[in-house]
Each structure stands twice: as structure tokens, then as C-alpha cells.
$ cat run.cif   # mmCIF, C-alpha atoms and all ligand atoms
data_coords
loop_
_atom_site.label_atom_id
_atom_site.label_comp_id
_atom_site.auth_asym_id
_atom_site.auth_seq_id
_atom_site.Cartn_x
_atom_site.Cartn_y
_atom_site.Cartn_z
CA MET A 1 -34.64 -3.22 23.26
CA ARG A 2 -33.16 -3.63 26.74
CA ALA A 3 -30.17 -1.49 27.54
CA THR A 4 -27.17 -2.67 29.55
CA ALA A 5 -26.13 -1.43 32.96
CA SER A 6 -24.25 1.40 31.34
CA ALA A 7 -27.11 2.25 29.03
CA GLY A 8 -28.27 4.89 31.42
CA SER A 9 -24.94 6.68 31.14
CA GLU A 10 -25.00 10.28 30.20
CA ALA A 11 -24.09 11.05 26.63
CA ALA A 12 -20.83 12.47 27.95
CA HIS A 13 -19.74 8.89 28.55
CA LEU A 14 -19.52 8.34 24.83
CA ARG A 15 -15.84 7.98 24.10
CA VAL A 16 -14.49 10.89 22.11
CA ARG A 17 -11.21 9.85 20.59
CA GLY A 18 -9.04 10.18 17.55
CA PRO A 19 -8.74 7.43 14.97
CA PHE A 20 -5.79 5.51 16.39
CA ASP A 21 -6.73 5.52 20.05
CA GLN A 22 -9.46 2.98 19.55
CA HIS A 23 -7.07 0.51 17.97
CA THR A 24 -4.97 -0.19 21.01
CA ALA A 25 -5.50 -3.41 22.91
CA GLY A 26 -5.92 -1.35 26.07
CA GLU A 27 -9.30 -0.23 24.87
CA ASP A 28 -10.67 -3.67 25.59
CA ALA A 29 -10.63 -2.83 29.24
CA MET A 30 -12.71 0.26 28.64
CA THR A 31 -16.43 0.27 28.55
CA LEU A 32 -18.20 2.16 25.86
CA ALA A 33 -21.56 3.65 26.62
CA ALA A 34 -24.27 1.24 25.52
CA PHE A 35 -27.73 2.15 24.37
CA GLY A 36 -30.73 -0.01 23.66
CA SER A 37 -31.26 1.72 20.34
CA VAL A 38 -30.00 4.55 18.17
CA GLU A 39 -33.15 6.47 19.07
CA GLU A 40 -32.23 6.25 22.76
CA LEU A 41 -28.69 7.39 21.97
CA LEU A 42 -29.96 10.46 20.12
CA LEU A 43 -32.30 11.36 22.95
CA LYS A 44 -29.36 11.39 25.36
CA LYS A 45 -26.82 12.92 23.01
CA THR A 46 -25.67 16.42 23.85
CA THR A 47 -22.86 16.84 21.29
CA ASP A 48 -22.80 17.36 17.53
CA THR A 49 -20.03 14.77 16.94
CA PRO A 50 -20.60 11.89 14.50
CA VAL A 51 -20.99 8.52 16.21
CA PHE A 52 -19.57 5.17 15.15
CA CYS A 53 -22.00 2.55 16.45
CA PHE A 54 -21.03 -1.04 17.20
CA TYR A 55 -23.64 -3.79 16.95
CA PRO A 56 -22.26 -6.78 18.92
CA LYS A 57 -25.17 -9.07 18.13
CA ALA A 58 -24.69 -8.60 14.39
CA LEU A 59 -20.93 -9.24 14.69
CA ARG A 60 -21.44 -12.47 16.61
CA ALA A 61 -24.08 -13.57 14.09
CA ALA A 62 -21.82 -12.83 11.10
CA ALA A 63 -19.01 -14.83 12.71
CA ARG A 64 -21.36 -17.74 13.47
CA CYS A 65 -22.64 -17.72 9.88
CA PHE A 66 -19.08 -18.30 8.61
CA VAL A 67 -18.00 -20.73 11.32
CA GLU A 68 -21.09 -22.89 10.82
CA GLY A 69 -21.39 -22.55 7.04
CA PHE A 70 -17.92 -22.31 5.51
CA PRO A 71 -16.49 -25.75 4.67
CA GLY A 72 -13.17 -25.11 6.43
CA GLN A 73 -11.36 -22.89 8.92
CA VAL A 74 -12.41 -19.22 9.23
CA LEU A 75 -9.89 -16.44 9.91
CA TYR A 76 -10.88 -12.83 10.54
CA ALA A 77 -8.95 -10.28 8.44
CA VAL A 78 -8.27 -7.85 11.28
CA LYS A 79 -7.64 -4.90 8.97
CA ALA A 80 -11.35 -4.61 8.19
CA ASN A 81 -12.02 -3.34 11.69
CA PRO A 82 -9.22 -3.53 14.22
CA SER A 83 -11.28 -2.36 17.18
CA PRO A 84 -10.55 -4.67 20.13
CA HIS A 85 -14.29 -4.72 20.76
CA VAL A 86 -14.99 -5.97 17.26
CA VAL A 87 -12.31 -8.65 17.55
CA ARG A 88 -13.79 -9.79 20.86
CA TRP A 89 -17.33 -10.05 19.50
CA ILE A 90 -16.09 -11.97 16.47
CA VAL A 91 -14.26 -14.32 18.85
CA GLU A 92 -17.52 -14.74 20.77
CA GLY A 93 -19.09 -15.77 17.47
CA GLY A 94 -16.61 -18.65 17.25
CA VAL A 95 -13.62 -17.35 15.24
CA ARG A 96 -10.23 -18.30 16.74
CA GLU A 97 -7.83 -17.66 13.90
CA PHE A 98 -6.69 -14.37 12.38
CA ASP A 99 -5.24 -12.96 9.20
CA THR A 100 -2.87 -10.25 10.36
CA ALA A 101 -0.96 -7.75 8.23
CA SER A 102 1.33 -6.19 10.84
CA ILE A 103 2.87 -6.68 14.27
CA ARG A 104 0.39 -4.19 15.73
CA GLU A 105 -2.51 -6.34 14.57
CA ILE A 106 -0.87 -9.42 16.09
CA VAL A 107 -0.38 -7.62 19.41
CA LEU A 108 -3.96 -6.39 19.35
CA VAL A 109 -5.45 -9.86 18.86
CA ARG A 110 -3.16 -11.42 21.46
CA GLY A 111 -4.49 -8.90 23.97
CA ILE A 112 -7.96 -10.34 23.47
CA LEU A 113 -7.45 -14.06 22.86
CA GLU A 114 -4.29 -15.52 24.32
CA ASP A 115 -4.41 -18.77 22.36
CA ALA A 116 -5.42 -17.15 19.05
CA ARG A 117 -3.80 -18.62 15.95
CA TYR A 118 -2.42 -16.25 13.36
CA SER A 119 -1.03 -16.07 9.87
CA PHE A 120 1.06 -13.10 8.77
CA ASN A 121 -0.72 -12.70 5.47
CA HIS A 122 0.87 -9.60 4.01
CA PRO A 123 2.74 -10.62 0.84
CA VAL A 124 5.37 -7.88 1.41
CA LYS A 125 6.96 -7.65 4.86
CA HIS A 126 9.85 -5.78 6.42
CA ARG A 127 12.62 -8.08 7.67
CA ASN A 128 12.20 -6.67 11.18
CA ALA A 129 8.51 -7.53 11.12
CA ILE A 130 9.26 -11.10 9.98
CA VAL A 131 11.76 -11.50 12.82
CA ALA A 132 9.39 -10.08 15.43
CA ALA A 133 6.44 -12.15 14.20
CA HIS A 134 8.48 -15.35 14.29
CA ARG A 135 10.61 -14.77 17.41
CA ASP A 136 8.33 -12.72 19.65
CA TRP A 137 4.87 -13.86 18.58
CA GLY A 138 5.46 -17.45 17.49
CA ILE A 139 4.04 -16.96 13.99
CA ARG A 140 4.85 -19.90 11.73
CA ASP A 141 2.56 -19.10 8.81
CA PHE A 142 3.43 -16.50 6.18
CA VAL A 143 2.48 -15.58 2.63
CA VAL A 144 4.60 -14.66 -0.41
CA ASP A 145 3.89 -13.92 -4.05
CA HIS A 146 7.43 -13.43 -5.38
CA MET A 147 10.74 -15.29 -5.26
CA ALA A 148 12.55 -12.31 -3.72
CA GLU A 149 10.08 -12.28 -0.79
CA LEU A 150 10.47 -16.05 -0.38
CA ASP A 151 14.28 -15.67 -0.32
CA LYS A 152 13.95 -12.91 2.27
CA LEU A 153 11.57 -14.91 4.43
CA LEU A 154 13.60 -18.13 4.46
CA GLU A 155 16.83 -16.22 5.01
CA VAL A 156 15.38 -14.47 8.04
CA VAL A 157 13.52 -17.29 9.81
CA GLY A 158 14.58 -20.56 8.17
CA SER A 159 12.32 -23.19 6.66
CA ASP A 160 10.45 -24.51 9.70
CA ILE A 161 7.34 -22.60 8.64
CA VAL A 162 4.28 -22.82 6.40
CA VAL A 163 4.43 -20.51 3.38
CA GLN A 164 1.30 -19.70 1.43
CA VAL A 165 1.90 -18.90 -2.22
CA ARG A 166 -0.62 -16.26 -3.20
CA VAL A 167 -1.99 -16.84 -6.67
CA ALA A 168 -3.57 -13.99 -8.63
CA THR A 169 -7.09 -15.01 -9.66
CA PRO A 170 -8.59 -12.76 -12.36
CA ASN A 171 -12.19 -11.99 -11.46
CA PRO A 172 -14.47 -9.55 -13.30
CA HIS A 173 -17.06 -9.81 -10.49
CA ALA A 174 -14.99 -8.01 -7.84
CA ARG A 175 -15.60 -4.33 -7.12
CA LEU A 176 -11.89 -3.88 -6.45
CA SER A 177 -9.24 -6.24 -7.80
CA PHE A 178 -5.99 -6.71 -5.88
CA ASN A 179 -4.24 -8.49 -8.75
CA SER A 180 -2.29 -5.50 -10.01
CA LYS A 181 -0.62 -5.26 -6.61
CA PHE A 182 -0.47 -8.82 -5.29
CA GLY A 183 -0.58 -12.39 -6.52
CA ALA A 184 1.75 -14.57 -8.56
CA THR A 185 0.90 -15.62 -12.10
CA PRO A 186 0.26 -19.36 -12.46
CA GLY A 187 3.80 -19.87 -13.80
CA GLU A 188 5.38 -17.90 -10.95
CA ALA A 189 3.22 -19.72 -8.41
CA VAL A 190 4.34 -23.13 -9.71
CA ALA A 191 7.99 -22.02 -9.43
CA LEU A 192 7.41 -20.77 -5.87
CA LEU A 193 5.71 -24.00 -4.79
CA ARG A 194 8.55 -26.10 -6.24
CA ALA A 195 11.13 -23.86 -4.56
CA LEU A 196 9.35 -24.37 -1.24
CA ALA A 197 9.42 -28.13 -1.65
CA GLN A 198 13.15 -28.02 -2.47
CA ARG A 199 13.96 -25.79 0.46
CA GLY A 200 12.05 -27.79 3.02
CA ALA A 201 9.24 -25.39 4.04
CA ALA A 202 5.63 -26.55 4.08
CA ALA A 203 3.67 -25.10 1.16
CA ALA A 204 0.10 -23.81 1.18
CA VAL A 205 -1.80 -21.83 -1.44
CA SER A 206 -3.87 -18.67 -1.04
CA THR A 207 -5.69 -16.18 -3.18
CA HIS A 208 -7.94 -13.14 -2.88
CA LEU A 209 -10.71 -12.82 -5.42
CA GLY A 210 -11.02 -9.06 -4.81
CA TYR A 211 -13.29 -6.87 -2.71
CA GLN A 212 -17.06 -7.66 -2.84
CA THR A 213 -17.19 -10.49 -5.36
CA THR A 214 -20.79 -10.63 -6.50
CA ASP A 215 -20.78 -14.01 -8.24
CA PRO A 216 -20.24 -17.24 -6.27
CA GLY A 217 -19.01 -18.84 -9.50
CA ALA A 218 -15.93 -16.59 -9.34
CA PHE A 219 -14.81 -18.48 -6.22
CA GLY A 220 -15.26 -21.73 -8.14
CA LYS A 221 -13.14 -20.44 -11.04
CA GLY A 222 -10.50 -19.14 -8.64
CA LEU A 223 -10.28 -22.51 -6.92
CA GLN A 224 -9.99 -24.28 -10.27
CA LEU A 225 -7.04 -22.07 -11.18
CA VAL A 226 -5.44 -22.81 -7.81
CA ALA A 227 -5.99 -26.54 -8.41
CA GLN A 228 -4.26 -26.31 -11.82
CA VAL A 229 -1.29 -24.55 -10.24
CA VAL A 230 -1.03 -27.19 -7.51
CA GLU A 231 -1.25 -29.99 -10.04
CA ALA A 232 1.44 -28.44 -12.24
CA ALA A 233 3.72 -27.99 -9.21
CA GLY A 234 3.19 -31.61 -8.18
CA ILE A 235 2.97 -30.81 -4.48
CA GLN A 236 0.45 -31.53 -1.71
CA PRO A 237 -0.49 -28.20 -0.10
CA ALA A 238 -0.88 -27.96 3.68
CA TYR A 239 -4.12 -26.07 3.00
CA VAL A 240 -5.89 -23.86 0.48
CA ASN A 241 -6.89 -20.36 1.61
CA VAL A 242 -9.61 -18.80 -0.57
CA GLY A 243 -9.06 -15.40 1.08
CA GLY A 244 -11.62 -12.68 1.65
CA GLY A 245 -13.71 -11.05 -1.05
CA PHE A 246 -17.08 -12.37 0.12
CA PRO A 247 -19.83 -9.83 -0.54
CA SER A 248 -21.67 -8.01 2.22
CA VAL A 249 -22.82 -4.55 1.12
CA LEU A 250 -22.94 -5.80 -2.46
CA LEU A 251 -24.45 -9.22 -1.77
CA PRO A 252 -26.88 -9.59 -4.70
CA LYS A 253 -30.56 -9.60 -3.73
CA GLY A 254 -31.93 -13.11 -3.39
CA SER A 255 -28.53 -14.70 -2.78
CA SER A 256 -26.80 -15.55 0.47
CA LEU A 257 -23.33 -16.46 1.68
CA LYS A 258 -24.49 -20.08 1.68
CA ASP A 259 -24.37 -19.95 -2.14
CA TYR A 260 -20.69 -19.03 -1.90
CA PHE A 261 -19.95 -21.71 0.69
CA HIS A 262 -21.68 -24.28 -1.49
CA VAL A 263 -19.71 -23.42 -4.66
CA ILE A 264 -16.43 -23.39 -2.73
CA GLY A 265 -17.17 -26.75 -1.06
CA ALA A 266 -18.32 -28.41 -4.30
CA THR A 267 -15.39 -27.11 -6.38
CA HIS A 268 -12.89 -28.11 -3.73
CA ALA A 269 -14.34 -31.61 -3.51
CA GLY A 270 -14.23 -31.98 -7.30
CA GLU A 271 -10.59 -30.95 -7.80
CA SER A 272 -8.40 -33.95 -7.05
CA SER A 273 -5.16 -31.96 -6.67
CA ILE A 274 -6.55 -29.96 -3.74
CA SER A 275 -9.49 -31.97 -2.36
CA ALA A 276 -7.36 -33.55 0.38
CA ALA A 277 -6.08 -30.17 1.56
CA PRO A 278 -8.20 -28.41 4.20
CA LEU A 279 -9.83 -25.12 3.20
CA LYS A 280 -9.46 -21.76 4.91
CA CYS A 281 -10.97 -18.35 4.29
CA GLU A 282 -10.16 -14.92 5.72
CA PRO A 283 -13.10 -12.55 5.30
CA GLY A 284 -12.86 -8.97 6.46
CA SER A 285 -15.85 -7.03 5.18
CA ALA A 286 -18.35 -9.89 5.31
CA LEU A 287 -17.60 -10.32 9.03
CA ALA A 288 -17.27 -6.68 10.03
CA HIS A 289 -19.75 -4.81 7.85
CA PRO A 290 -22.97 -5.81 9.67
CA GLY A 291 -21.47 -4.89 13.04
CA GLY A 292 -20.99 -1.16 12.49
CA GLY A 293 -23.03 1.89 11.66
CA VAL A 294 -22.49 5.63 11.43
CA LEU A 295 -24.64 8.43 12.77
CA THR A 296 -23.88 11.63 10.92
CA GLN A 297 -25.69 14.96 11.17
CA VAL A 298 -26.92 17.22 8.39
CA LEU A 299 -25.14 20.59 8.60
CA LEU A 300 -26.80 22.29 5.65
CA VAL A 301 -29.42 21.55 3.03
CA LYS A 302 -28.86 23.39 -0.27
CA GLU A 303 -31.56 22.51 -2.78
CA ASN A 304 -30.44 19.05 -4.06
CA SER A 305 -27.29 18.87 -1.96
CA ILE A 306 -26.63 18.17 1.68
CA TYR A 307 -23.50 18.72 3.77
CA ILE A 308 -22.95 16.26 6.61
CA ASN A 309 -20.44 16.06 9.47
CA ASP A 310 -18.77 12.81 8.35
CA GLY A 311 -17.24 12.02 5.00
CA ILE A 312 -14.69 10.18 2.97
CA TYR A 313 -11.80 11.33 5.19
CA GLY A 314 -13.80 10.06 8.14
CA ALA A 315 -15.81 6.90 8.68
CA LEU A 316 -17.35 6.96 5.19
CA ALA A 317 -14.15 6.30 3.23
CA GLU A 318 -15.29 2.90 2.04
CA LEU A 319 -18.21 4.35 0.08
CA ILE A 320 -15.63 5.39 -2.52
CA HIS A 321 -15.23 1.71 -3.39
CA SER A 322 -18.67 0.27 -2.68
CA LYS A 323 -20.34 3.20 -4.48
CA ILE A 324 -23.71 2.45 -2.95
CA GLN A 325 -25.98 4.16 -0.50
CA PRO A 326 -25.82 2.06 2.65
CA PRO A 327 -29.12 1.15 4.37
CA THR A 328 -30.23 4.57 5.63
CA ARG A 329 -32.76 5.99 8.08
CA VAL A 330 -33.23 9.68 8.75
CA LEU A 331 -33.87 10.58 12.38
CA MET A 332 -34.84 13.91 13.84
CA ARG A 333 -32.98 15.17 16.92
CA ASP A 334 -35.50 13.50 19.23
CA GLY A 335 -34.98 10.14 17.52
CA THR A 336 -38.24 10.20 15.58
CA GLU A 337 -37.85 8.86 12.06
CA ARG A 338 -38.41 11.27 9.20
CA THR A 339 -40.30 9.60 6.40
CA GLY A 340 -42.31 10.72 3.39
CA MET A 341 -41.58 11.40 -0.24
CA LEU A 342 -37.99 10.70 -1.28
CA ARG A 343 -35.64 12.64 -3.53
CA HIS A 344 -32.03 12.39 -4.58
CA TYR A 345 -29.34 14.44 -2.89
CA THR A 346 -25.67 14.90 -3.60
CA VAL A 347 -23.94 14.29 -0.27
CA PHE A 348 -20.88 16.34 0.70
CA GLY A 349 -18.58 15.59 3.62
CA PRO A 350 -17.38 18.22 6.08
CA THR A 351 -13.87 19.10 4.81
CA CYS A 352 -13.01 22.09 2.66
CA ASP A 353 -12.32 20.25 -0.59
CA SER A 354 -14.51 18.79 -3.29
CA TYR A 355 -12.96 15.31 -3.11
CA ASP A 356 -14.95 14.87 0.09
CA THR A 357 -18.09 13.94 -1.83
CA ILE A 358 -19.99 10.68 -1.56
CA PRO A 359 -19.69 9.18 -5.06
CA VAL A 360 -23.36 8.20 -5.38
CA PRO A 361 -26.47 10.28 -4.74
CA PHE A 362 -28.48 9.34 -1.66
CA GLU A 363 -32.24 8.87 -1.78
CA LEU A 364 -33.58 10.63 1.32
CA PRO A 365 -36.84 12.22 2.49
CA ALA A 366 -37.59 15.48 0.70
CA ALA A 367 -38.49 16.93 4.10
CA LEU A 368 -34.91 16.49 5.33
CA ARG A 369 -33.74 19.39 7.53
CA GLU A 370 -30.54 20.77 9.00
CA GLY A 371 -29.95 18.96 12.30
CA ASP A 372 -31.41 15.64 11.16
CA TRP A 373 -29.23 12.58 11.66
CA LEU A 374 -28.53 9.97 8.97
CA GLN A 375 -28.28 6.49 10.44
CA LEU A 376 -26.14 4.47 8.02
CA GLY A 377 -25.98 0.70 8.40
CA MET A 378 -23.49 -1.93 7.15
CA MET A 379 -20.57 0.38 7.85
CA GLY A 380 -18.48 -1.90 10.08
CA ALA A 381 -15.63 -2.57 7.63
CA TYR A 382 -12.92 -0.20 6.38
CA SER A 383 -14.66 2.69 8.12
CA SER A 384 -13.56 3.44 11.68
CA ALA A 385 -10.13 2.03 10.70
CA LEU A 386 -9.72 4.75 8.08
CA ILE A 387 -10.80 7.84 10.00
CA THR A 388 -8.32 10.69 9.57
CA ASP A 389 -8.14 14.01 11.35
CA PHE A 390 -8.00 15.98 8.08
CA ASN A 391 -9.25 19.55 8.59
CA GLY A 392 -9.34 18.81 12.34
CA LEU A 393 -12.62 17.02 11.76
CA GLY A 394 -11.70 13.44 12.65
CA VAL A 395 -13.20 13.21 16.11
CA HIS A 396 -15.87 10.58 16.48
CA GLU A 397 -17.75 9.17 19.41
CA PHE A 398 -18.00 5.40 19.75
CA ALA A 399 -21.02 3.68 21.23
CA VAL A 400 -22.53 0.24 21.52
CA ILE A 401 -26.07 -0.40 20.40
CA GLY A 402 -27.51 -3.42 22.22
CA ASP A 403 -26.19 -5.55 25.01
CA TYR A 404 -22.47 -6.10 24.64
CA SER A 405 -21.90 -7.91 27.88
CA ARG A 406 -23.28 -11.28 26.91
CA PRO A 407 -22.92 -13.50 23.82
C1 LIG B 501 -4.77 -10.75 2.50
C2 LIG B 501 -6.16 -10.28 2.71
N1 LIG B 501 -7.06 -11.15 3.22
C3 LIG B 501 -8.34 -10.77 3.49
C4 LIG B 501 -8.75 -9.49 3.24
C5 LIG B 501 -10.17 -9.12 3.54
O1 LIG B 501 -10.85 -8.95 2.37
P1 LIG B 501 -12.43 -8.67 2.33
O2 LIG B 501 -12.69 -7.49 3.14
O3 LIG B 501 -12.70 -8.48 0.88
O4 LIG B 501 -13.10 -9.90 2.87
C6 LIG B 501 -7.87 -8.56 2.67
C7 LIG B 501 -8.30 -7.20 2.37
O5 LIG B 501 -7.55 -6.35 1.99
C8 LIG B 501 -6.53 -8.97 2.41
O6 LIG B 501 -5.64 -8.13 1.89
#
$ encode --input "run.cif" --output "C-alpha cells"
Amino acid sequence: MRATASAGSEAAHLRVRGPFDQHTAGEDAMTLAAFGSVEELLLKKTTDTPVFCFYPKALRAAARCFVEGFPGQVLYAVKANPSPHVVRWIVEGGVREFDTASIREIVLVRGILEDARYSFNHPVKHRNAIVAAHRDWGIRDFVVDHMAELDKLLEVVGSDIVVQVRVATPNPHARLSFNSKFGATPGEAVALLRALAQRGAAAAVSTHLGYQTTDPGAFGKGLQLVAQVVEAAGIQPAYVNVGGGFPSVLLPKGSSLKDYFHVIGATHAGESSISAAPLKCEPGSALAHPGGGVLTQVLLVKENSIYINDGIYGALAELIHSKIQPPTRVLMRDGTERTGMLRHYTVFGPTCDSYDTIPVPFELPAALREGDWLQLGMMGAYSSALITDFNGLGVHEFAVIGDYSRP
């Protein structure tokens, strides 16, 4: 693979920063060291710090897959990976609209795409945040799931806005349900939609099926429930937002996101109460996962256990929920791949407590040695955003693999 102009940079050019530094819009102006491959990076690396790798090509491709395949408008849920670089590559893949959960996310996106469109899609917002979003950032699209939040919202900014009513959609096929925290029951949602009509704000409907929904049919069922709510409320929604929840790391073998797009499109077309309303979605993990990877080094091999220099307080936090071994390669210090017979290892992170344990065993070469590097793929979502400095071990380097200068 060809490296960019900065690919020849010394390893010292890798940015070494704490977790929050990379989330400021200012970072967009910075160049990260780019390498043609992870092997090249390892050959030039002089430190023992874990590396978070960005894959721009994969991010653009994931964005294009949604923009070209989803039967409606695609928003990126910034929380999945708020790196300005990631946002930029997703924009280069064709996404122009964003699901934001805070003023900082709004500011971050504005720093990258001046004419970006946003929704403030956190169902629970501070009054100050509502004011700032509306007055300073021109946001006119919000979400609620309770009458008290609707009262607060309309009291603060008036009714010249679109309000999405978030409906809880029970779904046994999600790895992590959000329904215990967010989402109105059908009855509550009907009341909210009617209240919106009475109070003069435009009504839309949204849902979130839950993290990593492994059955496309669950989106169909969710949409049917939304359609029933809309019919009972007797309103015409401005749009229907099916949320995130698309699978990436847990995409079942043999299926593709097209299956999900197809079910969503067909169900939408078949439900007369919502078929005239445009569709939206706001994926986080399905857009960000393919665009990130982690390089973490083996500190110690103890029989069937290994200790590595990244863990659940670092960039591997999301493995607690996905509970799978991400696509893994083992590389020796010179970048050569270690292969051969495999065995199962318990994987421990670097901090001094037992919670820092990867919840599933990893299958790795039996010849694994201290100093080897694990190259973990599909780590772009809920990873670099969650790095903490617990035990003083939060420092990561950030690097680009591939050419990030051109779409
Ligand atoms: C409102 C909202 N939309 C979208 C997402 C992204 O979800 P996912 O990563 O499952 O696509 C989330 C995740 O928390 C969310 O809370």
C-alpha cells in the first residue's frame, strides 16, 4: 500500500495524547502520522504505547454504503467516534446530517462542515443546552420521550421546531436495549404526538432498536409499532427516524446491511400511516466500527492468560458489550505475522484490578510471546471515545493507516 507524504515520518510523529484532546475541533488542523500499513507502522515504532489506528478508506466506504443503500436520510451518531478526523471521512463518504447529544458535539461537527444539519437527539437535555442549541447553533430539531421534557423544551424555545417523539421498541435481537432508560410507551407516545399537534410544533417519530440488532425483522417490527402509534395519534409525522442499532461487529454471517435496508424500505412502504413520511436513520457503530483498529502489546504470557497494554478502561471498553473477539492478527515487533496452532487465552488489561478483563477468551497463536502486538479490527466505535486515564495508563498514540488526504 502506498503511504502518504507524511508516511515517512518518524514514529515520534505519532500523536501522544489523552482521551479528550483528540475530541476538539482544533485537531482537524493537525496531521496524524500516516502509514501504508500496520506492518510499516510497527517497523517505525519506537514506543511501547498502544495505538488507535484510523482507516479513512473504510470510513468513507461505510458512509457510502448507508448513503447509497438506506431508503432515506442518513445521520451520523457522533457519539460513536467523535474524532474530527472520523467525522470528516464520514462527510467525505456523503453524510451531511448529524445526530448530536451535546453542545460539544455540535461545535465539533460545525468545525468540520459549516452547512451540516443537526438534530439534538438526546431525550433528556439541560435547559441551558436547549437554549444554546437553539439560539447559538440554529438547531430546530429535538427529541423527547416524556411530557415533562416536552413542557421544558417548548417553554424554553417555543414551538417553531420539529420534535421527535421517541418510541420504545422492544427487541430481543439487540445486544444492549436502551428501553429501560429511554423511549415512551405506545400510550405515552400517542399523548405526546397529540400534545405536539395542539401546541403547534411539528411532530416526528424516532426509535432506537438497541445496540447491534442481529435480525433485520426487528426493524420491521419496530416500524410497525411506530406506524400503530402514528395511526392512533392521527397525525402526519414530518419524518420517521429508525435510529441506530444496525449491526457491524455482530452482523450475522451471510447477511448484509442491504437486508436491513430492504426490510425497512418494504415495511415503511406497506404502512399507510407512515409511508408518506420520509425515513431517517442515525447509525453510530455501523458507520464507525470499520474505520478504527487498536494495536496493543503483550506484556506478559502466563500459561493460558495474557496481559496486554490496553483494556476495558482504554480503547477496548466496548468489548464488554459486544462480547466477541474482534478480527485479530498477531504481529511480531518487526511486523511479521505470527501464525500457527491456536489456543484460547484469557486476556487481561493493564490496570491493577480484575474488572479489567476482556469478557471473552481470545483465540490466538500458541506461539504468542511477550512483545507481540495484537492488531484488533472493527474497533472504530465506542472505543477511542471511552479511553480513560485510570491507573495513569490512558495514553494512546493515534495514527492513520492508508492515504487520508484524498477521498
Ligand atoms: C439517540 C441515539 N442514536 C443513535 C445511536 C447510535 O447507535 P448505534 O451505535 O447502535 O448505531 C445512539 C447510541 O447510543 C443513540 O443514543
$ atom_distance --input "run.cif" --atom1 "CA of Val294 (chain A)" --atom2 "CA of Leu316 (chain A)"
8.2 Å
$ residues_near_ligand --input "run.cif" --ligand "ligand LIG 501 (chain B)" --cutoff "9 Å" --atoms "all atoms listed in the file" --output "PyMOL selection string"
chain A and resi 75-80+99-101+120-123+143+166+176+178+182+206-213+242-248+281-289+381-382
$ closest_residue --input "run.cif" --among "A:Ile306, A:Val95, A:Ala148, A:Ile358" --to "Asp115 (chain A)" --atoms "only C-alpha atoms"
A:Val95
$ residues_around --input "run.cif" --residues "His134 (chain A)" --least-positions-apart "5" --cutoff "12 Å" --atoms "all atoms listed in the file" --output "PyMOL selection string"
chain A and resi 103+106+118-120+127-129+139-142+153-154+156-162
$ closest_residue --input "run.cif" --among "A:Glu363, A:Glu68, A:Asp145, A:Glu114" --to "Ile324 (chain A)" --atoms "only C-alpha atoms"
A:Glu363
$ atom_distance --input "run.cif" --atom1 "CA of Pro326 (chain A)" --atom2 "CA of Arg175 (chain A)"
15.5 Å
$ atom_distance --input "run.cif" --atom1 "CA of Val298 (chain A)" --atom2 "CA of Phe390 (chain A)"
19.0 Å
$ closest_residue --input "run.cif" --among "A:Ala366, A:Leu374, A:Leu59, A:Val109" --to "Ile90 (chain A)" --atoms "all atoms listed in the file"
A:Leu59
$ residues_around --input "run.cif" --residues "Ile264 (chain A)" --least-positions-apart "3" --cutoff "7 Å" --atoms "only C-alpha atoms" --output "list in words"
Phe219, Gly220, Tyr260, Phe261, Thr267 and His268 of chain A
$ residues_around --input "run.cif" --residues "Gly93 (chain A)" --least-positions-apart "3" --cutoff "9 Å" --atoms "only C-alpha atoms" --output "ChimeraX atom specification"
/A:59-65,67,88-90,407
$ closest_residue --input "run.cif" --among "A:Ser102, A:Thr346, A:Thr296, A:Thr388" --to "Trp137 (chain A)" --atoms "all atoms listed in the file"
A:Ser102
$ closest_residue --input "run.cif" --among "A:Asp48, A:Ala201, A:Gly69, A:Leu386" --to "Ser256 (chain A)" --atoms "all atoms listed in the file"
A:Gly69
